[in-house]
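Peer 1: The structure file my_file_27.json (JSON, C-alpha atoms and all ligand atoms) is provided below.
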[["chain", "number", "residue", "atom", "x", "y", "z"],
["A", 1182, "GLU", "CA", -4.95, 7.85, -29.39],
["A", 1183, "SER", "CA", -3.00, 6.85, -26.31],
["A", 1184, "PRO", "CA", -4.61, 4.77, -23.55],
["A", 1185, "VAL", "CA", -4.16, 7.78, -21.29],
["A", 1186, "SER", "CA", -6.23, 10.18, -23.35],
["A", 1187, "GLN", "CA", -8.79, 7.43, -24.10],
["A", 1188, "ALA", "CA", -9.29, 7.16, -20.37],
["A", 1189, "GLY", "CA", -10.02, 10.90, -20.30],
["A", 1190, "ILE", "CA", -7.02, 11.65, -18.16],
["A", 1191, "SER", "CA", -5.02, 14.74, -18.97],
["A", 1192, "SER", "CA", -1.72, 13.52, -20.21],
["A", 1193, "SER", "CA", 1.50, 15.19, -19.16],
["A", 1194, "ALA", "CA", 4.01, 12.81, -17.65],
["A", 1195, "GLY", "CA", 6.78, 12.32, -20.10],
["A", 1196, "ARG", "CA", 8.30, 9.73, -17.85],
["A", 1197, "ARG", "CA", 5.33, 7.38, -17.87],
["A", 1198, "GLU", "CA", 5.73, 4.12, -19.68],
["A", 1199, "ARG", "CA", 3.09, 1.41, -19.94],
["A", 1200, "VAL", "CA", 4.47, -2.15, -19.94],
["A", 1201, "GLY", "CA", 1.68, -4.70, -20.33],
["A", 1202, "GLU", "CA", -0.82, -3.91, -17.59],
["A", 1203, "VAL", "CA", 1.64, -1.88, -15.51],
["A", 1204, "ASP", "CA", 2.21, 1.89, -15.52],
["A", 1205, "CYS", "CA", 5.81, 2.77, -14.74],
["A", 1206, "PHE", "CA", 7.15, 6.13, -13.51],
["A", 1207, "GLU", "CA", 10.74, 7.01, -12.69],
["A", 1208, "LEU", "CA", 11.40, 7.73, -8.99],
["A", 1209, "SER", "CA", 15.16, 7.99, -9.49],
["A", 1210, "PRO", "CA", 17.56, 6.63, -12.11],
["A", 1211, "SER", "CA", 17.54, 3.30, -10.25],
["A", 1212, "SER", "CA", 14.04, 3.23, -8.77],
["A", 1213, "VAL", "CA", 10.63, 2.80, -10.41],
["A", 1214, "LEU", "CA", 7.07, 3.45, -9.23],
["A", 1215, "LYS", "CA", 4.59, 0.97, -10.71],
["A", 1216, "LEU", "CA", 0.80, 1.07, -10.72],
["A", 1217, "GLN", "CA", -1.37, -1.86, -11.59],
["A", 1218, "LYS", "CA", -4.85, -3.18, -11.02],
["A", 1219, "GLY", "CA", -4.95, -6.46, -9.16],
["A", 1220, "ASP", "CA", -4.98, -8.58, -6.03],
["A", 1221, "ILE", "CA", -2.06, -7.82, -3.72],
["A", 1222, "THR", "CA", -2.14, -11.32, -2.18],
["A", 1223, "THR", "CA", -0.73, -12.83, -5.39],
["A", 1224, "TRP", "CA", 1.94, -10.13, -5.94],
["A", 1225, "PHE", "CA", 5.62, -11.01, -5.53],
["A", 1226, "VAL", "CA", 8.98, -10.35, -7.18],
["A", 1227, "ASP", "CA", 11.57, -12.73, -5.73],
["A", 1228, "GLY", "CA", 10.24, -14.01, -2.38],
["A", 1229, "LEU", "CA", 13.43, -12.77, -0.72],
["A", 1230, "THR", "CA", 13.61, -9.00, -0.79],
["A", 1231, "ASP", "CA", 9.94, -8.23, -1.43],
["A", 1232, "ALA", "CA", 7.10, -7.23, 0.90],
["A", 1233, "ILE", "CA", 3.44, -6.36, 0.70],
["A", 1234, "VAL", "CA", 1.80, -3.82, 2.94],
["A", 1235, "ASN", "CA", -1.39, -4.66, 4.80],
["A", 1236, "ALA", "CA", -4.05, -2.06, 5.62],
["A", 1237, "ALA", "CA", -4.64, -3.38, 9.13],
["A", 1238, "ASN", "CA", -6.30, -2.04, 12.27],
["A", 1239, "GLU", "CA", -4.70, -1.21, 15.61],
["A", 1240, "ARG", "CA", -5.38, -4.67, 17.10],
["A", 1241, "MET", "CA", -3.56, -6.34, 14.16],
["A", 1242, "LEU", "CA", -5.55, -9.56, 14.45],
["A", 1243, "GLY", "CA", -7.19, -9.50, 11.01],
["A", 1244, "GLY", "CA", -10.41, -8.02, 9.70],
["A", 1245, "GLY", "CA", -12.21, -7.48, 6.40],
["A", 1246, "GLY", "CA", -11.01, -6.01, 3.10],
["A", 1247, "VAL", "CA", -7.40, -6.47, 2.11],
["A", 1248, "ASP", "CA", -6.51, -7.43, 5.70],
["A", 1249, "GLY", "CA", -8.90, -10.40, 5.57],
["A", 1250, "ALA", "CA", -7.59, -11.42, 2.14],
["A", 1251, "ILE", "CA", -3.95, -11.25, 3.30],
["A", 1252, "HIS", "CA", -4.64, -13.30, 6.45],
["A", 1253, "ARG", "CA", -6.57, -15.94, 4.46],
["A", 1254, "ALA", "CA", -3.78, -16.25, 1.90],
["A", 1255, "ALA", "CA", -0.95, -16.25, 4.48],
["A", 1256, "GLY", "CA", -2.58, -18.90, 6.68],
["A", 1257, "PRO", "CA", -3.17, -18.98, 10.45],
["A", 1258, "GLU", "CA", 0.51, -18.49, 11.37],
["A", 1259, "LEU", "CA", 0.20, -14.85, 10.37],
["A", 1260, "LYS", "CA", -2.40, -14.23, 13.04],
["A", 1261, "MET", "CA", -0.16, -15.95, 15.61],
["A", 1262, "ALA", "CA", 2.78, -13.76, 14.58],
["A", 1263, "CYS", "CA", 0.61, -10.65, 14.90],
["A", 1264, "TYR", "CA", -0.73, -11.81, 18.23],
["A", 1265, "GLU", "CA", 2.83, -12.01, 19.53],
["A", 1266, "MET", "CA", 3.52, -8.35, 18.72],
["A", 1267, "PRO", "CA", 3.67, -6.42, 21.98],
["A", 1268, "GLU", "CA", 0.68, -4.26, 22.88],
["A", 1269, "VAL", "CA", 1.62, -0.60, 23.29],
["A", 1270, "LEU", "CA", -1.78, 0.13, 24.87],
["A", 1271, "PRO", "CA", -4.43, -2.41, 25.81],
["A", 1272, "GLY", "CA", -5.56, -4.00, 22.53],
["A", 1273, "VAL", "CA", -3.25, -1.79, 20.43],
["A", 1274, "ARG", "CA", -0.34, -3.51, 18.67],
["A", 1275, "CYS", "CA", 0.09, -0.89, 15.95],
["A", 1276, "PRO", "CA", -1.13, 2.67, 16.59],
["A", 1277, "THR", "CA", -2.63, 4.53, 13.62],
["A", 1278, "GLY", "CA", 0.14, 5.83, 11.36],
["A", 1279, "GLU", "CA", 2.76, 3.32, 12.56],
["A", 1280, "ALA", "CA", 3.93, 0.05, 10.97],
["A", 1281, "ARG", "CA", 5.01, -3.44, 12.05],
["A", 1282, "ILE", "CA", 6.67, -6.28, 10.14],
["A", 1283, "THR", "CA", 6.07, -10.05, 10.19],
["A", 1284, "PRO", "CA", 6.99, -13.02, 8.04],
["A", 1285, "ALA", "CA", 4.56, -13.73, 5.20],
["A", 1286, "PHE", "CA", 4.09, -17.49, 5.74],
["A", 1287, "GLN", "CA", 2.10, -18.95, 2.79],
["A", 1288, "LEU", "CA", 2.20, -15.73, 0.78],
["A", 1289, "PRO", "CA", 4.70, -15.60, -2.10],
["A", 1290, "VAL", "CA", 6.51, -12.54, -0.68],
["A", 1291, "SER", "CA", 9.11, -12.57, 2.10],
["A", 1292, "ARG", "CA", 7.42, -10.18, 4.54],
["A", 1293, "VAL", "CA", 4.19, -8.44, 5.39],
["A", 1294, "ILE", "CA", 4.34, -4.88, 6.67],
["A", 1295, "HIS", "CA", 1.21, -4.05, 8.65],
["A", 1296, "THR", "CA", 0.21, -0.43, 8.86],
["A", 1297, "VAL", "CA", -2.91, 1.35, 10.06],
["A", 1298, "GLY", "CA", -4.43, 4.23, 8.15],
["A", 1299, "PRO", "CA", -6.84, 6.74, 9.69],
["A", 1300, "VAL", "CA", -10.61, 6.30, 9.68],
["A", 1301, "TYR", "CA", -11.69, 9.23, 7.49],
["A", 1302, "GLY", "CA", -13.90, 11.83, 9.14],
["A", 1303, "VAL", "CA", -13.12, 10.71, 12.67],
["A", 1304, "VAL", "CA", -9.76, 12.33, 13.33],
["A", 1305, "GLN", "CA", -8.59, 15.88, 12.59],
["A", 1306, "ASN", "CA", -5.14, 14.97, 11.33],
["A", 1307, "ALA", "CA", -6.15, 12.29, 8.82],
["A", 1308, "GLU", "CA", -3.75, 13.52, 6.12],
["A", 1309, "PHE", "CA", -0.78, 13.48, 8.52],
["A", 1310, "LEU", "CA", -1.71, 9.98, 9.70],
["A", 1311, "LEU", "CA", -2.14, 8.61, 6.18],
["A", 1312, "ARG", "CA", 1.23, 10.06, 5.17],
["A", 1313, "SER", "CA", 2.74, 8.55, 8.30],
["A", 1314, "ALA", "CA", 1.32, 5.12, 7.47],
["A", 1315, "TYR", "CA", 3.01, 5.18, 4.03],
["A", 1316, "ARG", "CA", 6.23, 6.76, 5.33],
["A", 1317, "ASN", "CA", 6.63, 4.41, 8.31],
["A", 1318, "SER", "CA", 5.98, 1.40, 6.05],
["A", 1319, "LEU", "CA", 8.72, 2.59, 3.68],
["A", 1320, "LYS", "CA", 11.11, 3.24, 6.59],
["A", 1321, "LEU", "CA", 10.55, -0.21, 8.06],
["A", 1322, "ALA", "CA", 11.00, -1.82, 4.66],
["A", 1323, "LYS", "CA", 14.26, 0.04, 4.15],
["A", 1324, "ASP", "CA", 15.51, -1.02, 7.62],
["A", 1325, "LYS", "CA", 14.87, -4.65, 6.63],
["A", 1326, "ASN", "CA", 16.58, -4.33, 3.24],
["A", 1327, "ILE", "CA", 13.40, -4.79, 1.25],
["A", 1328, "GLN", "CA", 13.99, -3.90, -2.42],
["A", 1329, "TYR", "CA", 10.48, -4.36, -3.78],
["A", 1330, "ILE", "CA", 7.38, -3.19, -1.92],
["A", 1331, "ALA", "CA", 3.70, -3.21, -2.86],
["A", 1332, "PHE", "CA", 0.98, -1.11, -1.24],
["A", 1333, "PRO", "CA", -2.80, -1.32, -1.42],
["A", 1334, "ALA", "CA", -4.90, 1.86, -1.21],
["A", 1335, "ILE", "CA", -4.62, 2.31, 2.55],
["A", 1336, "SER", "CA", -7.79, 3.69, 4.22],
["A", 1337, "CYS", "CA", -9.73, 3.66, 0.92],
["A", 1338, "GLY", "CA", -12.13, 0.83, 1.79],
["A", 1339, "ILE", "CA", -13.74, 0.39, 5.18],
["A", 1340, "TYR", "CA", -11.98, 3.56, 6.45],
["A", 1341, "SER", "CA", -13.57, 5.54, 3.56],
["A", 1342, "TYR", "CA", -10.81, 8.04, 2.69],
["A", 1343, "PRO", "CA", -11.79, 9.99, -0.49],
["A", 1344, "LEU", "CA", -9.86, 8.56, -3.43],
["A", 1345, "ASP", "CA", -8.69, 11.85, -4.93],
["A", 1346, "GLU", "CA", -7.12, 12.96, -1.65],
["A", 1347, "ALA", "CA", -5.76, 9.53, -0.71],
["A", 1348, "SER", "CA", -4.14, 9.01, -4.10],
["A", 1349, "LYS", "CA", -2.34, 12.38, -3.95],
["A", 1350, "ILE", "CA", -1.06, 11.61, -0.46],
["A", 1351, "ALA", "CA", 0.08, 8.13, -1.45],
["A", 1352, "ILE", "CA", 1.91, 9.19, -4.62],
["A", 1353, "THR", "CA", 3.55, 12.31, -3.17],
["A", 1354, "THR", "CA", 4.66, 10.50, -0.01],
["A", 1355, "VAL", "CA", 6.39, 7.81, -2.07],
["A", 1356, "LYS", "CA", 7.89, 10.43, -4.38],
["A", 1357, "GLU", "CA", 9.27, 12.50, -1.49],
["A", 1358, "PHE", "CA", 10.67, 9.52, 0.43],
["A", 1359, "PRO", "CA", 14.46, 9.30, 0.06],
["A", 1360, "ASN", "CA", 14.01, 5.87, -1.41],
["A", 1361, "ASP", "CA", 16.45, 3.51, -2.95],
["A", 1362, "PHE", "CA", 14.00, 0.69, -3.48],
["A", 1363, "LYS", "CA", 14.28, -1.01, -6.82],
["A", 1364, "GLU", "CA", 10.50, -0.84, -7.22],
["A", 1365, "VAL", "CA", 7.58, 0.62, -5.29],
["A", 1366, "HIS", "CA", 4.23, -0.78, -6.45],
["A", 1367, "PHE", "CA", 0.62, 0.09, -5.86],
["A", 1368, "VAL", "CA", -1.65, -2.90, -6.47],
["A", 1369, "LEU", "CA", -5.14, -1.48, -6.78],
["A", 1370, "PHE", "CA", -8.21, -3.60, -6.47],
["A", 1371, "SER", "CA", -10.78, -1.75, -8.60],
["A", 1372, "ASP", "CA", -11.03, 0.50, -11.66],
["A", 1373, "ASP", "CA", -11.99, 3.64, -9.74],
["A", 1374, "ILE", "CA", -9.03, 3.32, -7.39],
["A", 1375, "TYR", "CA", -6.61, 2.51, -10.19],
["A", 1376, "ARG", "CA", -7.85, 5.57, -12.13],
["A", 1377, "ALA", "CA", -7.43, 7.86, -9.11],
["A", 1378, "TRP", "CA", -3.85, 6.63, -8.60],
["A", 1379, "LEU", "CA", -3.02, 7.00, -12.29],
["A", 1380, "GLU", "CA", -4.34, 10.58, -12.32],
["A", 1381, "ALA", "CA", -2.28, 11.43, -9.24],
["A", 1382, "ALA", "CA", 0.85, 9.88, -10.73],
["A", 1383, "LEU", "CA", 0.35, 11.76, -13.99],
["A", 1384, "GLU", "CA", -0.06, 14.99, -12.04],
["A", 1385, "PHE", "CA", 2.70, 14.63, -9.42],
["A", 1386, "MET", "CA", 5.38, 12.36, -10.88],
["B", 1401, "LIG", "N1", -5.66, -6.63, -3.07],
["B", 1401, "LIG", "C1", -5.51, -5.28, -3.17],
["B", 1401, "LIG", "N2", -6.39, -4.41, -2.66],
["B", 1401, "LIG", "C2", -7.46, -4.91, -2.01],
["B", 1401, "LIG", "C3", -7.69, -6.28, -1.85],
["B", 1401, "LIG", "C4", -6.74, -7.16, -2.41],
["B", 1401, "LIG", "N3", -6.84, -8.49, -2.31],
["B", 1401, "LIG", "N4", -8.86, -6.44, -1.16],
["B", 1401, "LIG", "C5", -9.34, -5.20, -0.91],
["B", 1401, "LIG", "N5", -8.51, -4.27, -1.43],
["B", 1401, "LIG", "P1", -9.73, -1.93, 3.22],
["B", 1401, "LIG", "P2", -9.00, 0.27, 5.04],
["B", 1401, "LIG", "C6", -8.58, -2.81, -1.42],
["B", 1401, "LIG", "O1", -11.16, -1.80, 3.57],
["B", 1401, "LIG", "O2", -9.95, 1.18, 4.35],
["B", 1401, "LIG", "C7", -10.08, -4.08, 7.64],
["B", 1401, "LIG", "O3", -11.19, -4.69, 8.27],
["B", 1401, "LIG", "C8", -9.91, -2.15, -1.21],
["B", 1401, "LIG", "O4", -10.65, -2.14, -2.42],
["B", 1401, "LIG", "O5", -9.16, -3.27, 3.11],
["B", 1401, "LIG", "O6", -7.61, 0.77, 5.35],
["B", 1401, "LIG", "C9", -8.94, -3.86, 8.62],
["B", 1401, "LIG", "O7", -8.86, -4.88, 9.57],
["B", 1401, "LIG", "C10", -9.49, -0.75, -0.80],
["B", 1401, "LIG", "O8", -9.19, 0.01, -1.94],
["B", 1401, "LIG", "O9", -8.77, -1.12, 4.25],
["B", 1401, "LIG", "C11", -9.30, -2.55, 9.23],
["B", 1401, "LIG", "O10", -10.22, -2.73, 10.28],
["B", 1401, "LIG", "C12", -8.17, -0.97, -0.07],
["B", 1401, "LIG", "O11", -7.81, -2.33, -0.34],
["B", 1401, "LIG", "C13", -9.97, -1.79, 8.09],
["B", 1401, "LIG", "O12", -10.47, -2.79, 7.19],
["B", 1401, "LIG", "C14", -8.24, -0.76, 1.40],
["B", 1401, "LIG", "O13", -9.52, -1.13, 1.86],
["B", 1401, "LIG", "C15", -8.99, -0.96, 7.31],
["B", 1401, "LIG", "O14", -9.70, -0.20, 6.35]]
Could you write out this structure as structure tokens?
Ligand code: AR6
Peer 2:
Amino acid sequence: ESPVSQAGISSSAGRRERVGEVDCFELSPSSVLKLQKGDITTWFVDGLTDAIVNAANERMLGGGGVDGAIHRAAGPELKMACYEMPEVLPGVRCPTGEARITPAFQLPVSRVIHTVGPVYGVVQNAEFLLRSAYRNSLKLAKDKNIQYIAFPAISCGIYSYPLDEASKIAITTVKEFPNDFKEVHFVLFSDDIYRAWLEAALEFM
């Protein structure tokens, strides 16, 4: 029995391949989507053309969850770099749905892309804003010639986006992006989130 059916997930995707702990799906003949469980602060490919995405807040000065973990691992220079980003409104360096880029300092990747997902249940257009957060992160990465990018599950912690909806949005936004990245990764912190992403990838890829 395959690991997929053992996990109780309806199997369909012919283009899924499991390599070690990583699930791989073809985005294009030269581009792969990869899902794995893990800690995004230790993820890297080459330290030159790679970036991780941070699920930040509009102030961009750190916080809990993955944001706190990324700031701790990057060191205090990251907060200084964020602080220097211009405010577009008082206290707002990155409006919800947009993205900003900084160096990564002590992290093993070359850059950190900071994006802000919606707080679920507070705004009407949460789906649009979550899509925008993924899409604007991908656009910024492409502008900066990033070849390898890793996302966490934006809005799925403190901002409490339901996992089944968030995973569909994340996977379909990456799939629909005209991307020529070598690899787009999701590094997912817990079993339930990893399972939701795997189900969405099996359904939509
Ligand atoms: N690696 C990968 N994923 C992680 C890690 C990690 N090291 N740590 C946590 N996660 P959250 P949000 C997962 O709450 O919902 C912050 O205070 C976590 O399990 O970090 O977008 C910001 O400053 C969850 O699946 O982000 C904002 O104020 C996912 O990362 C607010 O939280 C996102 O959870 C943003 O809330």
Peer 1: Show me which residues are within 6 Å of ligand LIG 1401 (chain B) counting only C-alpha atoms and all ligand atoms, and format the list as a list in words.
Peer 2: Asp1220, Ile1221, Thr1222, Ala1236, Ala1237, Asn1238, Gly1243, Gly1244, Gly1245, Gly1246, Val1247, Asp1248, Ala1250, Gly1298, Pro1333, Ala1334, Ile1335, Ser1336, Cys1337, Gly1338, Ile1339, Tyr1340, Ser1341, Val1368, Leu1369 and Phe1370 of chain A
Peer 1: Given the choices A:Lys1349, A:Thr1230, A:Pro1271, A:Trp1378, which gets closest to A:Asp1324 if the distance is worked out from all atoms listed in the file?
Peer 2: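 Under the stated criterion, the closest residue is A:Thr1230.
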Peer 1: By how many Å are atom CA of A:Glu1207 and atom CA of A:Ala1314 apart?
Peer 2: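 Computing it gives 22.3 Å between the two atoms.
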Peer 1: For A:Gly1256, which residue among A:Thr1277, A:Leu1288, A:Asp1227, A:Gln1305 is the nearest when counting all atoms listed in the file?
Peer 2: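 Counting all atoms listed in the file, the residue closest to A:Gly1256 is A:Leu1288.
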Peer 1: What are the centre and edge lengths in Å, to one decimal, of the axis-aligned box around all listed atoms of stretch 1333-1344 of chain A with 5 Å added on each side, as JSON?
Peer 2:
{"center_x": -8.3, "center_y": 4.3, "center_z": 1.5, "size_x": 20.9, "size_y": 21.3, "size_z": 19.9}
Peer 1: For A:Asp1361, please output as number ranges by chain all residues within 9 Å (counting all atoms listed in the file; exclusion window: fewer than 5 positions along the same chain).
Peer 2: A: 1208-1209, 1211-1212, 1323, 1328
